[in-house]
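Q: Take a look at coords_35.csv, CSV, C-alpha atoms:
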```
chain,number,residue,atom,x,y,z
A,1,MET,CA,287.3,271.7,4.2
A,2,SER,CA,289.1,274.7,5.8
A,3,LYS,CA,287.5,273.7,9.1
A,4,LYS,CA,289.2,270.3,8.9
A,5,LEU,CA,292.6,271.9,8.0
A,6,ASN,CA,292.4,274.3,10.9
A,7,GLN,CA,291.4,271.4,13.2
A,8,THR,CA,294.5,269.4,12.2
A,9,GLN,CA,296.8,272.4,12.6
A,10,GLU,CA,295.4,272.9,16.1
A,11,ASN,CA,296.1,269.3,17.0
A,12,ASN,CA,299.9,269.5,16.2
A,13,PHE,CA,302.2,269.3,19.2
A,14,ILE,CA,305.9,269.8,19.8
A,15,ILE,CA,307.5,267.9,22.6
A,16,PHE,CA,310.7,269.4,24.0
A,17,ALA,CA,312.9,266.8,25.9
A,18,ALA,CA,316.2,267.5,27.7
A,19,CYS,CA,318.3,265.9,30.4
A,20,ARG,CA,321.3,266.5,32.5
A,21,PHE,CA,323.7,263.9,33.9
A,22,ASP,CA,326.2,263.8,36.8
A,23,PRO,CA,328.7,261.1,35.9
A,24,ARG,CA,330.3,260.9,39.4
A,25,LEU,CA,327.0,259.9,41.1
A,26,LYS,CA,325.4,258.3,38.0
A,27,ILE,CA,322.3,260.3,38.5
A,28,GLY,CA,320.3,262.4,36.0
A,29,ALA,CA,317.2,264.5,35.6
A,30,GLY,CA,315.0,264.7,32.6
A,31,CYS,CA,312.6,267.5,31.6
A,32,SER,CA,309.8,267.7,29.0
A,33,LEU,CA,307.5,270.4,27.8
A,34,ILE,CA,304.6,269.7,25.5
A,35,LEU,CA,303.2,272.7,23.6
A,36,PRO,CA,300.7,273.2,20.8
A,37,ALA,CA,302.7,273.8,17.6
A,38,GLN,CA,300.6,276.8,16.6
A,39,GLU,CA,301.6,278.6,19.8
A,40,CYS,CA,305.3,277.9,19.7
A,41,GLU,CA,306.2,280.3,16.9
A,42,SER,CA,304.5,283.2,18.6
A,43,ILE,CA,306.0,282.6,22.1
A,44,LYS,CA,308.4,285.3,23.1
A,45,CYS,CA,310.8,283.1,25.1
A,46,ARG,CA,312.3,285.8,27.3
A,47,ASP,CA,308.9,286.6,28.6
A,48,ALA,CA,307.3,283.1,28.5
A,49,GLN,CA,306.5,281.5,31.8
A,50,PHE,CA,305.9,277.8,31.3
A,51,GLY,CA,305.7,277.1,35.0
A,52,ARG,CA,303.7,274.0,35.7
A,53,LEU,CA,303.9,272.9,32.1
A,54,TYR,CA,307.4,271.5,32.8
A,55,ILE,CA,307.5,267.9,33.8
A,56,THR,CA,310.7,266.6,35.4
A,57,LYS,CA,311.8,263.1,36.5
A,58,ASP,CA,314.9,262.0,38.5
A,59,PHE,CA,316.9,259.0,37.4
A,60,LYS,CA,319.4,257.1,39.6
A,61,ASP,CA,322.1,254.5,38.9
A,62,ILE,CA,322.1,255.4,35.2
A,63,THR,CA,324.5,256.0,32.3
A,64,ALA,CA,324.4,259.0,30.0
A,65,THR,CA,323.2,257.0,27.0
A,66,CYS,CA,320.5,255.2,29.1
A,67,LEU,CA,319.4,258.6,30.5
A,68,GLU,CA,318.9,260.0,27.0
A,69,LEU,CA,316.9,257.0,25.9
A,70,GLU,CA,314.8,256.8,29.0
A,71,THR,CA,314.1,260.5,29.0
A,72,MET,CA,313.0,260.4,25.4
A,73,ILE,CA,310.7,257.4,26.1
A,74,TRP,CA,309.3,259.0,29.3
A,75,ALA,CA,308.7,262.3,27.5
A,76,LEU,CA,306.8,260.5,24.7
A,77,GLU,CA,304.8,258.5,27.2
A,78,ASN,CA,303.7,261.8,28.9
A,79,TYR,CA,302.0,262.8,25.6
A,80,HIS,CA,298.4,261.7,25.8
A,81,ALA,CA,297.6,260.1,22.4
A,82,GLY,CA,293.9,260.4,23.2
A,83,SER,CA,294.1,264.1,22.2
A,84,GLY,CA,293.8,263.1,18.5
A,85,ALA,CA,297.1,264.8,17.4
A,86,PHE,CA,297.8,264.9,13.7
A,87,LYS,CA,301.5,265.5,14.0
A,88,ILE,CA,304.0,265.4,16.8
A,89,VAL,CA,307.6,266.7,16.6
A,90,VAL,CA,310.1,265.9,19.3
A,91,CYS,CA,312.9,268.5,19.8
A,92,HIS,CA,315.9,267.2,21.6
A,93,ASP,CA,319.7,267.2,21.7
A,94,PHE,CA,320.3,263.5,22.5
A,95,LYS,CA,323.2,262.1,20.5
A,96,SER,CA,322.1,258.5,21.2
A,97,VAL,CA,318.7,259.2,19.6
A,98,LYS,CA,319.7,261.5,16.8
A,99,ASP,CA,319.8,258.9,14.0
A,100,LEU,CA,317.9,256.1,15.8
A,101,LEU,CA,315.0,256.1,13.4
A,102,GLU,CA,317.4,255.7,10.4
A,103,ARG,CA,319.2,252.8,12.2
A,104,TRP,CA,315.9,251.1,13.0
A,105,PRO,CA,315.7,248.7,9.9
A,106,LYS,CA,319.3,247.5,10.5
A,107,LEU,CA,318.7,247.0,14.2
A,108,GLU,CA,315.6,244.8,13.5
A,109,GLN,CA,317.3,243.0,10.6
A,110,THR,CA,320.2,242.0,12.9
A,111,ASN,CA,317.9,241.3,15.8
A,112,TYR,CA,319.7,244.0,17.9
A,113,ALA,CA,322.9,241.9,17.8
A,114,GLY,CA,326.0,243.3,19.5
A,115,THR,CA,329.5,243.4,17.9
A,116,LEU,CA,330.5,240.1,19.5
A,117,PRO,CA,328.9,236.9,18.3
A,118,GLY,CA,325.9,235.8,20.5
A,119,THR,CA,325.5,239.2,22.2
A,120,THR,CA,322.7,241.8,22.2
A,121,LEU,CA,323.1,245.5,22.2
A,122,ALA,CA,323.2,247.0,25.8
A,123,HIS,CA,320.1,249.1,25.2
A,124,ALA,CA,318.1,246.8,22.9
A,125,GLU,CA,315.0,246.8,25.1
A,126,LEU,CA,315.0,250.6,25.3
A,127,TYR,CA,315.3,250.8,21.5
A,128,LYS,CA,312.4,248.4,21.1
A,129,GLU,CA,310.3,250.5,23.4
A,130,PHE,CA,311.2,253.7,21.5
A,131,PHE,CA,310.2,252.1,18.2
A,132,LYS,CA,306.9,250.9,19.6
A,133,LEU,CA,306.1,254.5,20.6
A,134,HIS,CA,307.1,255.6,17.1
A,135,ASP,CA,304.7,253.1,15.6
A,136,ARG,CA,301.9,254.3,17.9
A,137,LEU,CA,302.5,258.1,17.7
A,138,GLY,CA,304.2,258.5,14.4
A,139,PHE,CA,306.3,261.4,15.7
A,140,GLU,CA,309.1,263.3,13.8
A,141,MET,CA,312.4,264.2,15.3
A,142,PHE,CA,314.2,267.6,15.3
A,143,TRP,CA,317.7,267.5,16.7
A,144,ILE,CA,318.8,270.6,18.4
A,145,ASP,CA,322.5,270.9,17.4
A,146,PRO,CA,324.5,272.6,20.2
A,147,LEU,CA,326.8,274.1,17.5
A,148,THR,CA,324.0,275.9,15.7
A,149,SER,CA,325.0,279.6,15.0
A,150,GLU,CA,322.9,282.3,16.5
A,151,ALA,CA,321.7,283.4,13.0
A,152,GLU,CA,320.3,279.9,12.4
A,153,LYS,CA,318.5,279.5,15.7
A,154,ASP,CA,314.7,279.7,15.7
A,155,TYR,CA,311.9,279.5,18.3
A,156,ARG,CA,312.6,275.8,18.8
A,157,HIS,CA,316.1,276.6,20.0
A,158,ALA,CA,314.8,279.3,22.3
A,159,ILE,CA,312.2,277.1,23.9
A,160,PHE,CA,314.6,274.2,24.2
A,161,SER,CA,317.1,276.3,26.1
A,162,ARG,CA,314.4,277.0,28.7
A,163,VAL,CA,313.7,273.2,29.0
A,164,LEU,CA,317.4,272.6,29.4
A,165,GLN,CA,317.6,275.1,32.2
A,166,GLU,CA,314.7,273.3,33.9
A,167,ALA,CA,316.6,270.0,33.6
A,168,ASP,CA,319.6,271.7,35.1
A,169,ARG,CA,317.5,272.9,38.0
A,170,ALA,CA,316.0,269.4,38.5
A,171,LEU,CA,319.5,267.9,38.6
A,172,LYS,CA,320.7,270.5,41.1
A,173,ASN,CA,317.8,269.8,43.3
A,174,GLN,CA,318.6,266.1,43.1
A,175,LEU,CA,322.2,266.8,44.0
A,176,LYS,CA,321.2,268.9,47.0
A,177,ALA,CA,318.9,266.1,48.2
A,178,GLU,CA,321.8,263.6,47.8
A,179,ASN,CA,324.3,265.7,49.7
A,180,LYS,CA,323.1,268.4,52.1
A,181,VAL,CA,326.6,269.9,52.2
A,182,ALA,CA,326.4,270.5,48.5
A,183,ASP,CA,323.7,273.1,49.0
A,184,LYS,CA,326.3,275.8,49.4
A,185,TRP,CA,327.8,275.0,46.0
A,186,PHE,CA,324.7,275.9,44.2
```
Transcribe the structure of this file into structure tokens.

A:
Amino acid sequence: MSKKLNQTQENNFIIFAACRFDPRLKIGAGCSLILPAQECESIKCRDAQFGRLYITKDFKDITATCLELETMIWALENYHAGSGAFKIVVCHDFKSVKDLLERWPKLEQTNYAGTLPGTTLAHAELYKEFFKLHDRLGFEMFWIDPLTSEAEKDYRHAIFSRVLQEADRALKNQLKAENKVADKWF
């Protein structure tokens, strides 16, 4: 029995997802990092080199809300469900996704209706895709509150800050590619 317990602990994963947005150019960059949960608590983030474990994606012609939703969906799709995970926790700071699982029943009950009669919510298709992923993977959400005090921060906050830095770097690279003159600003 203890062998089974250890096996399920080994199959727990934490997905860290972050994004950065440039409202002027309507471009963004998403970054995800998938780590075994048992290793996360023991990682010393100052010394940790995640290197090739970061996965980034550029987004163009996008809004901030859409960027958060698409980054979350993309990060979850990068997780390979074939690994037999018992539990997945997604750490993020996306306000548009923060309470989405709690809003799910009402969204389905109203058929994703907008505030005006006969309209549908702008991101209804992305919500549906997110909920399908939740049905398939059964993940939990952990919202990284940007106002968390230093005393309350734990390993998740430390690792998330590294993922956020990588999202910053990806957006800066995208901005440099868009505007060669901008290279001197970074």

Q: Take atom CA of Leu69 of chain A and atom CA of Ser149 of chain A and report the distance between them in Å, one decimal.

A: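 The value is 26.4 Å.
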
Q: Each residue of segment 89-172 of chain A with at least one atom at most 10 Å from segment 21-28 of chain A should appear once, together with its nearest atom pair and the corresponding distance in Å (one decimal); atoms considered: all atoms listed in the file; ordering: chain, then increasing residue number; output as CSV.

A:
```
residue,atom,partner,partner_atom,distance
A:Ala167,CA,A:Gly28,CA,8.8
A:Asp168,CA,A:Phe21,CA,8.9
A:Ala170,CA,A:Gly28,CA,8.6
A:Leu171,CA,A:Gly28,CA,6.1
A:Lys172,CA,A:Gly28,CA,9.6
```

Q: Name all residues at most 8 Å from Thr71 of chain A (count only C-alpha atoms; drop same-chain ones fewer than 2 positions away) and give them as JSON, numbers by chain.

A: {"A": [17, 18, 19, 30, 31, 67, 68, 69, 73, 74, 75]}

Q: Name the closest residue to Phe16 of chain A among the candidates A:Phe86, A:Phe59, A:Tyr79, A:Trp104; distances are taken between atoms, counting all atoms listed in the file.

A: A:Tyr79

Q: Using all atoms listed in the file, which of the listed residues (A:Glu129, A:Glu140, A:Glu150, A:Glu41) sits closest to Cys91 of chain A?

A: A:Glu140

Q: Using all atoms listed in the file, can you tell me which of A:Gly118, A:Ile34, A:Arg52, A:Cys40 comes closest to Asp154 of chain A?

A: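 So, comparing all the options, the nearest one is A:Cys40.
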
Q: Restricting the calculation to only C-alpha atoms: of A:Leu164, A:Ile144, A:Phe131, A:Lys176, which residue gets closest to Arg103 of chain A?

A: A:Phe131

Q: Which one of A:Gln174, A:Ser161, A:Ser32, A:Ala124 sits closest to Tyr54 of chain A if you count only C-alpha atoms?

A: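 Going through A:Gln174, A:Ser161, A:Ser32, A:Ala124 one by one, the smallest distance to Tyr54 of chain A is for A:Ser32.
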
Q: Identify which of the residues A:Leu147, A:Leu76, A:Val163, A:Val90 lies closest to Phe130 of chain A, counting only C-alpha atoms when measuring atom-to-atom distances.

A: A:Leu76

Q: Which value, in Å to one decimal, gives the distance between atom CA of Thr119 of chain A and atom CA of Leu107 of chain A?

A: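 Computed distance, atom CA of Thr119 of chain A to atom CA of Leu107 of chain A, equals 13.1 Å.
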
Q: Quick one, how far is atom CA of Asn173 of chain A from atom CA of Ile55 of chain A?

A: 14.1 Å

Q: Determine, counting all atoms listed in the file, which protein, DNA and RNA residues have an atom within 8 Å of an atom of Cys66 of chain A; residues of the same chain fewer than 4 positions away are not included. Present the result as a ChimeraX atom specification.

A: /A:62,70,123

Q: Write out as a list in words which residues come within 10 Å of Asn111 of chain A when counting only C-alpha atoms, dropping same-chain ones fewer than 5 positions away.

A: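 With the cut-off at 10 Å, the set is Pro105, Lys106, Thr120, Leu121 and Ala124 of chain A.
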
Q: Will you model N, CA and C atoms for segment 133-153 of chain A and pass it back as a short mmCIF file (atom, residue, chain, number, x, y, z; two decimals), in the coordinates of the input?

A:
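rebuild-v2.cif written:
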```cif
data_model
loop_
_atom_site.label_atom_id
_atom_site.label_comp_id
_atom_site.auth_asym_id
_atom_site.auth_seq_id
_atom_site.Cartn_x
_atom_site.Cartn_y
_atom_site.Cartn_z
N LEU A 133 306.75 253.18 20.50
CA LEU A 133 306.10 254.50 20.60
C LEU A 133 306.06 255.20 19.29
N HIS A 134 307.10 255.03 18.46
CA HIS A 134 307.10 255.60 17.10
C HIS A 134 305.95 255.04 16.29
N ASP A 135 305.78 253.73 16.37
CA ASP A 135 304.70 253.10 15.60
C ASP A 135 303.34 253.63 16.08
N ARG A 136 303.19 253.84 17.38
CA ARG A 136 301.90 254.30 17.90
C ARG A 136 301.65 255.78 17.66
N LEU A 137 302.68 256.62 17.83
CA LEU A 137 302.50 258.10 17.70
C LEU A 137 302.89 258.68 16.39
N GLY A 138 303.79 258.02 15.66
CA GLY A 138 304.20 258.50 14.40
C GLY A 138 304.92 259.88 14.43
N PHE A 139 305.69 260.12 15.47
CA PHE A 139 306.30 261.40 15.70
C PHE A 139 307.50 261.62 14.71
N GLU A 140 307.85 262.90 14.54
CA GLU A 140 309.10 263.30 13.80
C GLU A 140 310.08 263.77 14.82
N MET A 141 311.33 263.77 14.42
CA MET A 141 312.40 264.20 15.30
C MET A 141 313.06 265.47 14.76
N PHE A 142 313.39 266.38 15.67
CA PHE A 142 314.20 267.60 15.30
C PHE A 142 315.31 267.66 16.29
N TRP A 143 316.52 267.44 15.79
CA TRP A 143 317.70 267.50 16.70
C TRP A 143 318.20 268.89 16.83
N ILE A 144 318.32 269.31 18.07
CA ILE A 144 318.80 270.60 18.40
C ILE A 144 320.37 270.52 18.45
N ASP A 145 321.03 270.97 17.43
CA ASP A 145 322.50 270.90 17.40
C ASP A 145 323.07 271.98 18.27
N PRO A 146 323.89 271.58 19.26
CA PRO A 146 324.50 272.60 20.20
C PRO A 146 325.41 273.56 19.48
N LEU A 147 325.85 273.23 18.27
CA LEU A 147 326.80 274.10 17.50
C LEU A 147 326.06 275.02 16.54
N THR A 148 324.74 275.08 16.60
CA THR A 148 324.00 275.90 15.70
C THR A 148 324.35 277.40 15.94
N SER A 149 324.62 278.14 14.86
CA SER A 149 325.00 279.60 15.00
C SER A 149 323.75 280.36 15.44
N GLU A 150 323.99 281.49 16.04
CA GLU A 150 322.90 282.30 16.50
C GLU A 150 321.96 282.74 15.36
N ALA A 151 322.52 282.97 14.17
CA ALA A 151 321.70 283.40 13.00
C ALA A 151 320.76 282.26 12.57
N GLU A 152 321.13 281.01 12.81
CA GLU A 152 320.30 279.90 12.40
C GLU A 152 319.28 279.43 13.41
N LYS A 153 319.36 279.94 14.62
CA LYS A 153 318.50 279.50 15.70
C LYS A 153 317.06 280.08 15.47
#
```
